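Next comes upload22.cif, with mmCIF, N, CA and C atoms.
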```cif
data_data
loop_
_atom_site.label_atom_id
_atom_site.label_comp_id
_atom_site.auth_asym_id
_atom_site.auth_seq_id
_atom_site.Cartn_x
_atom_site.Cartn_y
_atom_site.Cartn_z
N MET A 1 0.84 -1.18 0.00
CA MET A 1 0.00 0.00 0.00
C MET A 1 0.88 1.24 0.00
N SER A 2 0.60 2.17 -0.89
CA SER A 2 1.39 3.39 -1.02
C SER A 2 0.86 4.46 -0.07
N THR A 3 1.79 5.21 0.56
CA THR A 3 1.38 6.32 1.41
C THR A 3 1.29 7.61 0.62
N GLN A 4 1.78 7.62 -0.60
CA GLN A 4 1.74 8.80 -1.46
C GLN A 4 0.33 8.99 -2.00
N PRO A 5 -0.30 10.14 -1.72
CA PRO A 5 -1.63 10.39 -2.29
C PRO A 5 -1.56 10.40 -3.82
N THR A 6 -2.66 10.07 -4.44
CA THR A 6 -2.66 10.01 -5.89
C THR A 6 -2.65 11.39 -6.53
N LYS A 7 -3.15 12.40 -5.83
CA LYS A 7 -3.16 13.76 -6.37
C LYS A 7 -2.58 14.72 -5.36
N GLN A 8 -1.94 15.76 -5.87
CA GLN A 8 -1.37 16.82 -5.04
C GLN A 8 -1.88 18.16 -5.57
N ARG A 9 -2.02 19.13 -4.68
CA ARG A 9 -2.45 20.47 -5.05
C ARG A 9 -1.28 21.43 -4.85
N LEU A 10 -0.99 22.23 -5.86
CA LEU A 10 0.10 23.20 -5.79
C LEU A 10 -0.23 24.27 -4.75
N VAL A 11 0.71 24.54 -3.86
CA VAL A 11 0.51 25.54 -2.81
C VAL A 11 0.31 26.91 -3.43
N ASN A 12 1.20 27.29 -4.37
CA ASN A 12 1.13 28.62 -4.96
C ASN A 12 1.94 28.63 -6.26
N PRO A 13 1.33 29.02 -7.37
CA PRO A 13 2.07 29.06 -8.64
C PRO A 13 3.28 29.99 -8.60
N LEU A 14 3.15 31.12 -7.90
CA LEU A 14 4.29 32.04 -7.80
C LEU A 14 5.46 31.42 -7.07
N LEU A 15 5.18 30.61 -6.07
CA LEU A 15 6.25 29.92 -5.34
C LEU A 15 7.00 28.98 -6.27
N LEU A 16 6.28 28.24 -7.09
CA LEU A 16 6.93 27.36 -8.06
C LEU A 16 7.84 28.17 -8.98
N LYS A 17 7.33 29.28 -9.51
CA LYS A 17 8.14 30.10 -10.41
C LYS A 17 9.38 30.65 -9.71
N LEU A 18 9.23 31.09 -8.46
CA LEU A 18 10.38 31.61 -7.71
C LEU A 18 11.42 30.52 -7.46
N LEU A 19 10.97 29.35 -7.09
CA LEU A 19 11.91 28.25 -6.83
C LEU A 19 12.60 27.79 -8.10
N MET A 20 11.94 27.93 -9.24
CA MET A 20 12.58 27.59 -10.51
C MET A 20 13.68 28.59 -10.86
N GLN A 21 13.57 29.81 -10.35
CA GLN A 21 14.60 30.82 -10.63
C GLN A 21 15.89 30.54 -9.88
N ARG A 22 15.77 29.84 -8.76
CA ARG A 22 16.97 29.48 -7.99
C ARG A 22 16.73 28.12 -7.34
N THR A 23 17.10 27.09 -8.05
CA THR A 23 16.89 25.71 -7.57
C THR A 23 17.86 25.38 -6.45
N GLY A 24 17.80 24.17 -5.97
CA GLY A 24 18.70 23.71 -4.91
C GLY A 24 20.16 23.79 -5.30
N THR A 25 20.46 23.79 -6.59
CA THR A 25 21.84 23.91 -7.05
C THR A 25 22.26 25.37 -7.20
N GLY A 26 21.29 26.29 -7.04
CA GLY A 26 21.58 27.71 -7.21
C GLY A 26 21.37 28.19 -8.63
N ARG A 27 21.03 27.30 -9.52
CA ARG A 27 20.82 27.65 -10.93
C ARG A 27 19.34 27.76 -11.25
N GLU A 28 19.05 28.53 -12.28
CA GLU A 28 17.68 28.66 -12.77
C GLU A 28 17.36 27.49 -13.69
N VAL A 29 16.10 27.07 -13.68
CA VAL A 29 15.64 26.04 -14.60
C VAL A 29 14.42 26.59 -15.34
N SER A 30 14.42 26.43 -16.65
CA SER A 30 13.30 26.92 -17.45
C SER A 30 12.14 25.93 -17.37
N MET A 31 10.97 26.38 -17.81
CA MET A 31 9.79 25.50 -17.84
C MET A 31 10.06 24.28 -18.72
N ARG A 32 10.65 24.53 -19.87
CA ARG A 32 10.92 23.44 -20.81
C ARG A 32 11.94 22.46 -20.24
N ASP A 33 13.01 22.98 -19.62
CA ASP A 33 14.02 22.10 -19.03
C ASP A 33 13.43 21.29 -17.87
N LEU A 34 12.62 21.94 -17.03
CA LEU A 34 12.00 21.22 -15.92
C LEU A 34 11.08 20.12 -16.46
N ALA A 35 10.32 20.43 -17.48
CA ALA A 35 9.44 19.44 -18.08
C ALA A 35 10.23 18.25 -18.61
N ASP A 36 11.36 18.52 -19.26
CA ASP A 36 12.21 17.44 -19.77
C ASP A 36 12.76 16.58 -18.64
N ILE A 37 13.19 17.21 -17.56
CA ILE A 37 13.74 16.48 -16.41
C ILE A 37 12.67 15.60 -15.78
N VAL A 38 11.48 16.16 -15.63
CA VAL A 38 10.38 15.46 -14.95
C VAL A 38 9.70 14.43 -15.85
N GLY A 39 9.75 14.67 -17.17
CA GLY A 39 9.13 13.75 -18.11
C GLY A 39 7.67 14.05 -18.38
N VAL A 40 7.34 15.34 -18.43
CA VAL A 40 5.97 15.77 -18.74
C VAL A 40 6.03 16.78 -19.89
N PRO A 41 4.91 17.01 -20.56
CA PRO A 41 4.89 18.05 -21.60
C PRO A 41 5.18 19.42 -20.98
N HIS A 42 5.87 20.29 -21.72
CA HIS A 42 6.21 21.60 -21.16
C HIS A 42 4.97 22.42 -20.83
N GLN A 43 3.85 22.14 -21.48
CA GLN A 43 2.61 22.85 -21.17
C GLN A 43 2.15 22.56 -19.75
N THR A 44 2.44 21.37 -19.25
CA THR A 44 2.07 21.02 -17.88
C THR A 44 2.74 21.96 -16.89
N ILE A 45 4.03 22.18 -17.08
CA ILE A 45 4.76 23.08 -16.19
C ILE A 45 4.26 24.51 -16.38
N GLY A 46 4.02 24.91 -17.63
CA GLY A 46 3.50 26.25 -17.90
C GLY A 46 2.16 26.48 -17.22
N HIS A 47 1.28 25.49 -17.28
CA HIS A 47 -0.04 25.63 -16.65
C HIS A 47 0.07 25.68 -15.13
N LEU A 48 1.01 24.96 -14.56
CA LEU A 48 1.23 25.03 -13.12
C LEU A 48 1.75 26.41 -12.72
N CYS A 49 2.66 26.95 -13.50
CA CYS A 49 3.26 28.26 -13.18
C CYS A 49 2.26 29.41 -13.32
N THR A 50 1.26 29.25 -14.16
CA THR A 50 0.27 30.31 -14.34
C THR A 50 -0.96 30.11 -13.46
N GLY A 51 -1.07 28.95 -12.83
CA GLY A 51 -2.24 28.66 -12.02
C GLY A 51 -3.40 28.10 -12.81
N LYS A 52 -3.21 27.90 -14.10
CA LYS A 52 -4.25 27.31 -14.93
C LYS A 52 -4.54 25.88 -14.49
N ARG A 53 -3.53 25.25 -13.95
CA ARG A 53 -3.66 23.90 -13.40
C ARG A 53 -3.03 23.90 -12.02
N ILE A 54 -3.72 23.31 -11.03
CA ILE A 54 -3.15 23.29 -9.68
C ILE A 54 -3.08 21.88 -9.09
N ASN A 55 -3.73 20.93 -9.72
CA ASN A 55 -3.70 19.53 -9.25
C ASN A 55 -2.88 18.69 -10.20
N ILE A 56 -2.13 17.75 -9.62
CA ILE A 56 -1.27 16.90 -10.45
C ILE A 56 -1.05 15.57 -9.73
N ASP A 57 -0.71 14.55 -10.47
CA ASP A 57 -0.43 13.24 -9.88
C ASP A 57 0.73 13.35 -8.88
N GLY A 58 0.62 12.56 -7.82
CA GLY A 58 1.62 12.60 -6.75
C GLY A 58 3.03 12.29 -7.21
N ASP A 59 3.19 11.32 -8.12
CA ASP A 59 4.53 10.98 -8.57
C ASP A 59 5.16 12.11 -9.37
N VAL A 60 4.36 12.80 -10.18
CA VAL A 60 4.87 13.95 -10.95
C VAL A 60 5.21 15.09 -10.00
N ALA A 61 4.36 15.32 -9.01
CA ALA A 61 4.63 16.37 -8.02
C ALA A 61 5.96 16.12 -7.32
N SER A 62 6.20 14.88 -6.93
CA SER A 62 7.47 14.53 -6.26
C SER A 62 8.66 14.75 -7.18
N ARG A 63 8.52 14.40 -8.45
CA ARG A 63 9.63 14.60 -9.39
C ARG A 63 9.91 16.08 -9.61
N ILE A 64 8.87 16.91 -9.64
CA ILE A 64 9.06 18.35 -9.79
C ILE A 64 9.81 18.90 -8.58
N ALA A 65 9.36 18.55 -7.39
CA ALA A 65 10.02 19.02 -6.17
C ALA A 65 11.48 18.58 -6.14
N ALA A 66 11.74 17.32 -6.46
CA ALA A 66 13.11 16.81 -6.45
C ALA A 66 13.98 17.54 -7.48
N ALA A 67 13.41 17.81 -8.64
CA ALA A 67 14.18 18.46 -9.71
C ALA A 67 14.61 19.88 -9.34
N ILE A 68 13.80 20.56 -8.53
CA ILE A 68 14.20 21.92 -8.14
C ILE A 68 14.82 21.95 -6.74
N GLY A 69 14.94 20.77 -6.12
CA GLY A 69 15.70 20.65 -4.88
C GLY A 69 14.96 21.07 -3.62
N VAL A 70 13.64 20.83 -3.56
CA VAL A 70 12.89 21.14 -2.35
C VAL A 70 12.08 19.92 -1.92
N ASP A 71 11.69 19.91 -0.68
CA ASP A 71 10.83 18.85 -0.16
C ASP A 71 9.44 18.99 -0.77
N ASP A 72 8.76 17.88 -0.97
CA ASP A 72 7.41 17.90 -1.54
C ASP A 72 6.48 18.86 -0.80
N ALA A 73 6.57 18.88 0.53
CA ALA A 73 5.65 19.68 1.35
C ALA A 73 5.82 21.19 1.13
N ILE A 74 6.91 21.62 0.54
CA ILE A 74 7.10 23.04 0.24
C ILE A 74 6.16 23.47 -0.88
N LEU A 75 5.97 22.62 -1.87
CA LEU A 75 5.17 22.96 -3.06
C LEU A 75 3.78 22.36 -3.10
N TRP A 76 3.56 21.27 -2.41
CA TRP A 76 2.34 20.48 -2.63
C TRP A 76 1.60 20.18 -1.35
N ILE A 77 0.27 20.13 -1.46
CA ILE A 77 -0.62 19.70 -0.38
C ILE A 77 -1.36 18.47 -0.88
N PRO A 78 -1.29 17.37 -0.13
CA PRO A 78 -2.07 16.21 -0.54
C PRO A 78 -3.55 16.58 -0.58
N ILE A 79 -4.23 16.27 -1.64
CA ILE A 79 -5.63 16.66 -1.78
C ILE A 79 -6.49 16.07 -0.67
N GLN A 80 -6.14 14.90 -0.19
CA GLN A 80 -6.91 14.30 0.90
C GLN A 80 -6.92 15.17 2.14
N ARG A 81 -5.86 15.99 2.34
CA ARG A 81 -5.78 16.88 3.50
C ARG A 81 -6.24 18.28 3.19
N ALA A 82 -6.40 18.62 1.92
CA ALA A 82 -6.69 19.99 1.53
C ALA A 82 -8.10 20.37 1.94
N GLY A 83 -8.20 21.41 2.73
CA GLY A 83 -9.51 21.94 3.11
C GLY A 83 -9.81 23.16 2.28
N LEU A 84 -10.84 23.90 2.64
CA LEU A 84 -11.22 25.09 1.89
C LEU A 84 -10.10 26.12 1.86
N VAL A 85 -9.24 26.14 2.88
CA VAL A 85 -8.13 27.09 2.90
C VAL A 85 -7.20 26.86 1.73
N ALA A 86 -7.04 25.59 1.31
CA ALA A 86 -6.12 25.25 0.22
C ALA A 86 -6.75 25.41 -1.15
N LEU A 87 -8.04 25.67 -1.20
CA LEU A 87 -8.71 25.79 -2.48
C LEU A 87 -8.62 27.19 -3.03
N GLY A 88 -8.63 27.30 -4.32
CA GLY A 88 -8.68 28.59 -4.97
C GLY A 88 -10.11 29.11 -4.99
N PRO A 89 -10.32 30.38 -5.34
CA PRO A 89 -11.66 30.97 -5.34
C PRO A 89 -12.65 30.20 -6.21
N ALA A 90 -12.24 29.75 -7.37
CA ALA A 90 -13.16 29.02 -8.25
C ALA A 90 -13.56 27.70 -7.61
N ASP A 91 -12.62 27.04 -6.94
CA ASP A 91 -12.92 25.78 -6.29
C ASP A 91 -13.89 25.97 -5.12
N VAL A 92 -13.72 27.05 -4.36
CA VAL A 92 -14.60 27.33 -3.23
C VAL A 92 -16.03 27.53 -3.74
N ASP A 93 -16.19 28.26 -4.83
CA ASP A 93 -17.52 28.45 -5.42
C ASP A 93 -18.14 27.13 -5.79
N ASP A 94 -17.34 26.22 -6.40
CA ASP A 94 -17.84 24.91 -6.80
C ASP A 94 -18.29 24.11 -5.58
N VAL A 95 -17.52 24.17 -4.49
CA VAL A 95 -17.86 23.43 -3.29
C VAL A 95 -19.14 24.00 -2.68
N GLU A 96 -19.25 25.32 -2.64
CA GLU A 96 -20.44 25.95 -2.06
C GLU A 96 -21.68 25.63 -2.88
N GLN A 97 -21.55 25.59 -4.20
CA GLN A 97 -22.69 25.29 -5.05
C GLN A 97 -23.12 23.84 -4.91
N ALA A 98 -22.18 22.96 -4.65
CA ALA A 98 -22.49 21.54 -4.51
C ALA A 98 -23.16 21.23 -3.17
N ALA A 99 -22.96 22.11 -2.21
CA ALA A 99 -23.50 21.87 -0.85
C ALA A 99 -24.98 22.12 -0.77
#
```
Here is a file; write its structure as structure tokens.
Amino acid sequence: MSTQPTKQRLVNPLLLKLLMQRTGTGREVSMRDLADIVGVPHQTIGHLCTGKRINIDGDVASRIAAAIGVDDAILWIPIQRAGLVALGPADVDDVEQAA
């Protein structure tokens, strides 16, 4: 049984962009280079950096964090633990409408 949640929610797109500017090695990594390292389409990284996408598979989230040299918990919140505080405004509206 895996302890890694299947989905992760990005804490903040700006944080991802800032950490890409100075990775654990002290070097900047571009969206395209990060995508190549992680093994995802570069649009995936672009959408994460702009906030167009905030949820991603746990294994991809871990690879992104490792590639920029930070712990998973710096960038990601397991969706199973994410409450309304972790949701964006559009998500909160969806939750309220469903209630």
Problem set entry | Minimum-distance residue to Ser30 (chain A), chosen among A:Ala66, A:Ile45, A:Ala73, A:Ile54 (using all atoms listed in the file) | A:Ile45
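Between atom C of Gly58 (chain A) and CA of Leu34 (chain A) the interatomic distance comes to 15.4 Å.
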Please, which residues of region 38-76 of chain A, numbered as in this document, come out helix (DSSP H, G or I) from DSSP, as a short mmCIF file (atom, residue, chain, number, x, y, z; two decimals) with N, CA and C atoms, in the coordinates of the input?
```
data_model
loop_
_atom_site.label_atom_id
_atom_site.label_comp_id
_atom_site.auth_asym_id
_atom_site.auth_seq_id
_atom_site.Cartn_x
_atom_site.Cartn_y
_atom_site.Cartn_z
N VAL A 38 11.48 16.16 -15.63
CA VAL A 38 10.38 15.46 -14.95
C VAL A 38 9.70 14.43 -15.85
N HIS A 42 5.87 20.29 -21.72
CA HIS A 42 6.21 21.60 -21.16
C HIS A 42 4.97 22.42 -20.83
N GLN A 43 3.85 22.14 -21.48
CA GLN A 43 2.61 22.85 -21.17
C GLN A 43 2.15 22.56 -19.75
N THR A 44 2.44 21.37 -19.25
CA THR A 44 2.07 21.02 -17.88
C THR A 44 2.74 21.96 -16.89
N ILE A 45 4.03 22.18 -17.08
CA ILE A 45 4.76 23.08 -16.19
C ILE A 45 4.26 24.51 -16.38
N GLY A 46 4.02 24.91 -17.63
CA GLY A 46 3.50 26.25 -17.90
C GLY A 46 2.16 26.48 -17.22
N HIS A 47 1.28 25.49 -17.28
CA HIS A 47 -0.04 25.63 -16.65
C HIS A 47 0.07 25.68 -15.13
N LEU A 48 1.01 24.96 -14.56
CA LEU A 48 1.23 25.03 -13.12
C LEU A 48 1.75 26.41 -12.72
N CYS A 49 2.66 26.95 -13.50
CA CYS A 49 3.26 28.26 -13.18
C CYS A 49 2.26 29.41 -13.32
N THR A 50 1.26 29.25 -14.16
CA THR A 50 0.27 30.31 -14.34
C THR A 50 -0.96 30.11 -13.46
N GLY A 58 0.62 12.56 -7.82
CA GLY A 58 1.62 12.60 -6.75
C GLY A 58 3.03 12.29 -7.21
N ASP A 59 3.19 11.32 -8.12
CA ASP A 59 4.53 10.98 -8.57
C ASP A 59 5.16 12.11 -9.37
N VAL A 60 4.36 12.80 -10.18
CA VAL A 60 4.87 13.95 -10.95
C VAL A 60 5.21 15.09 -10.00
N ALA A 61 4.36 15.32 -9.01
CA ALA A 61 4.63 16.37 -8.02
C ALA A 61 5.96 16.12 -7.32
N SER A 62 6.20 14.88 -6.93
CA SER A 62 7.47 14.53 -6.26
C SER A 62 8.66 14.75 -7.18
N ARG A 63 8.52 14.40 -8.45
CA ARG A 63 9.63 14.60 -9.39
C ARG A 63 9.91 16.08 -9.61
N ILE A 64 8.87 16.91 -9.64
CA ILE A 64 9.06 18.35 -9.79
C ILE A 64 9.81 18.90 -8.58
N ALA A 65 9.36 18.55 -7.39
CA ALA A 65 10.02 19.02 -6.17
C ALA A 65 11.48 18.58 -6.14
N ALA A 66 11.74 17.32 -6.46
CA ALA A 66 13.11 16.81 -6.45
C ALA A 66 13.98 17.54 -7.48
N ALA A 67 13.41 17.81 -8.64
CA ALA A 67 14.18 18.46 -9.71
C ALA A 67 14.61 19.88 -9.34
N ILE A 68 13.80 20.56 -8.53
CA ILE A 68 14.20 21.92 -8.14
C ILE A 68 14.82 21.95 -6.74
N ASP A 72 8.76 17.88 -0.97
CA ASP A 72 7.41 17.90 -1.54
C ASP A 72 6.48 18.86 -0.80
N ALA A 73 6.57 18.88 0.53
CA ALA A 73 5.65 19.68 1.35
C ALA A 73 5.82 21.19 1.13
N ILE A 74 6.91 21.62 0.54
CA ILE A 74 7.10 23.04 0.24
C ILE A 74 6.16 23.47 -0.88
N LEU A 75 5.97 22.62 -1.87
CA LEU A 75 5.17 22.96 -3.06
C LEU A 75 3.78 22.36 -3.10
#
```
Hey, can I get the axis-aligned box for region 75-80 of chain A? All listed atoms, 8 Å padding on each side, centre and edge lengths in Å to one decimal, as JSON.
```
{"center_x": -0.5, "center_y": 18.6, "center_z": -0.5, "size_x": 28.9, "size_y": 24.7, "size_z": 21.2}
```
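Using all atoms listed in the file, the smallest distance between any of A:His47, A:Arg22, A:Arg53, A:His42 and Arg9 (chain A) comes from A:Arg53.
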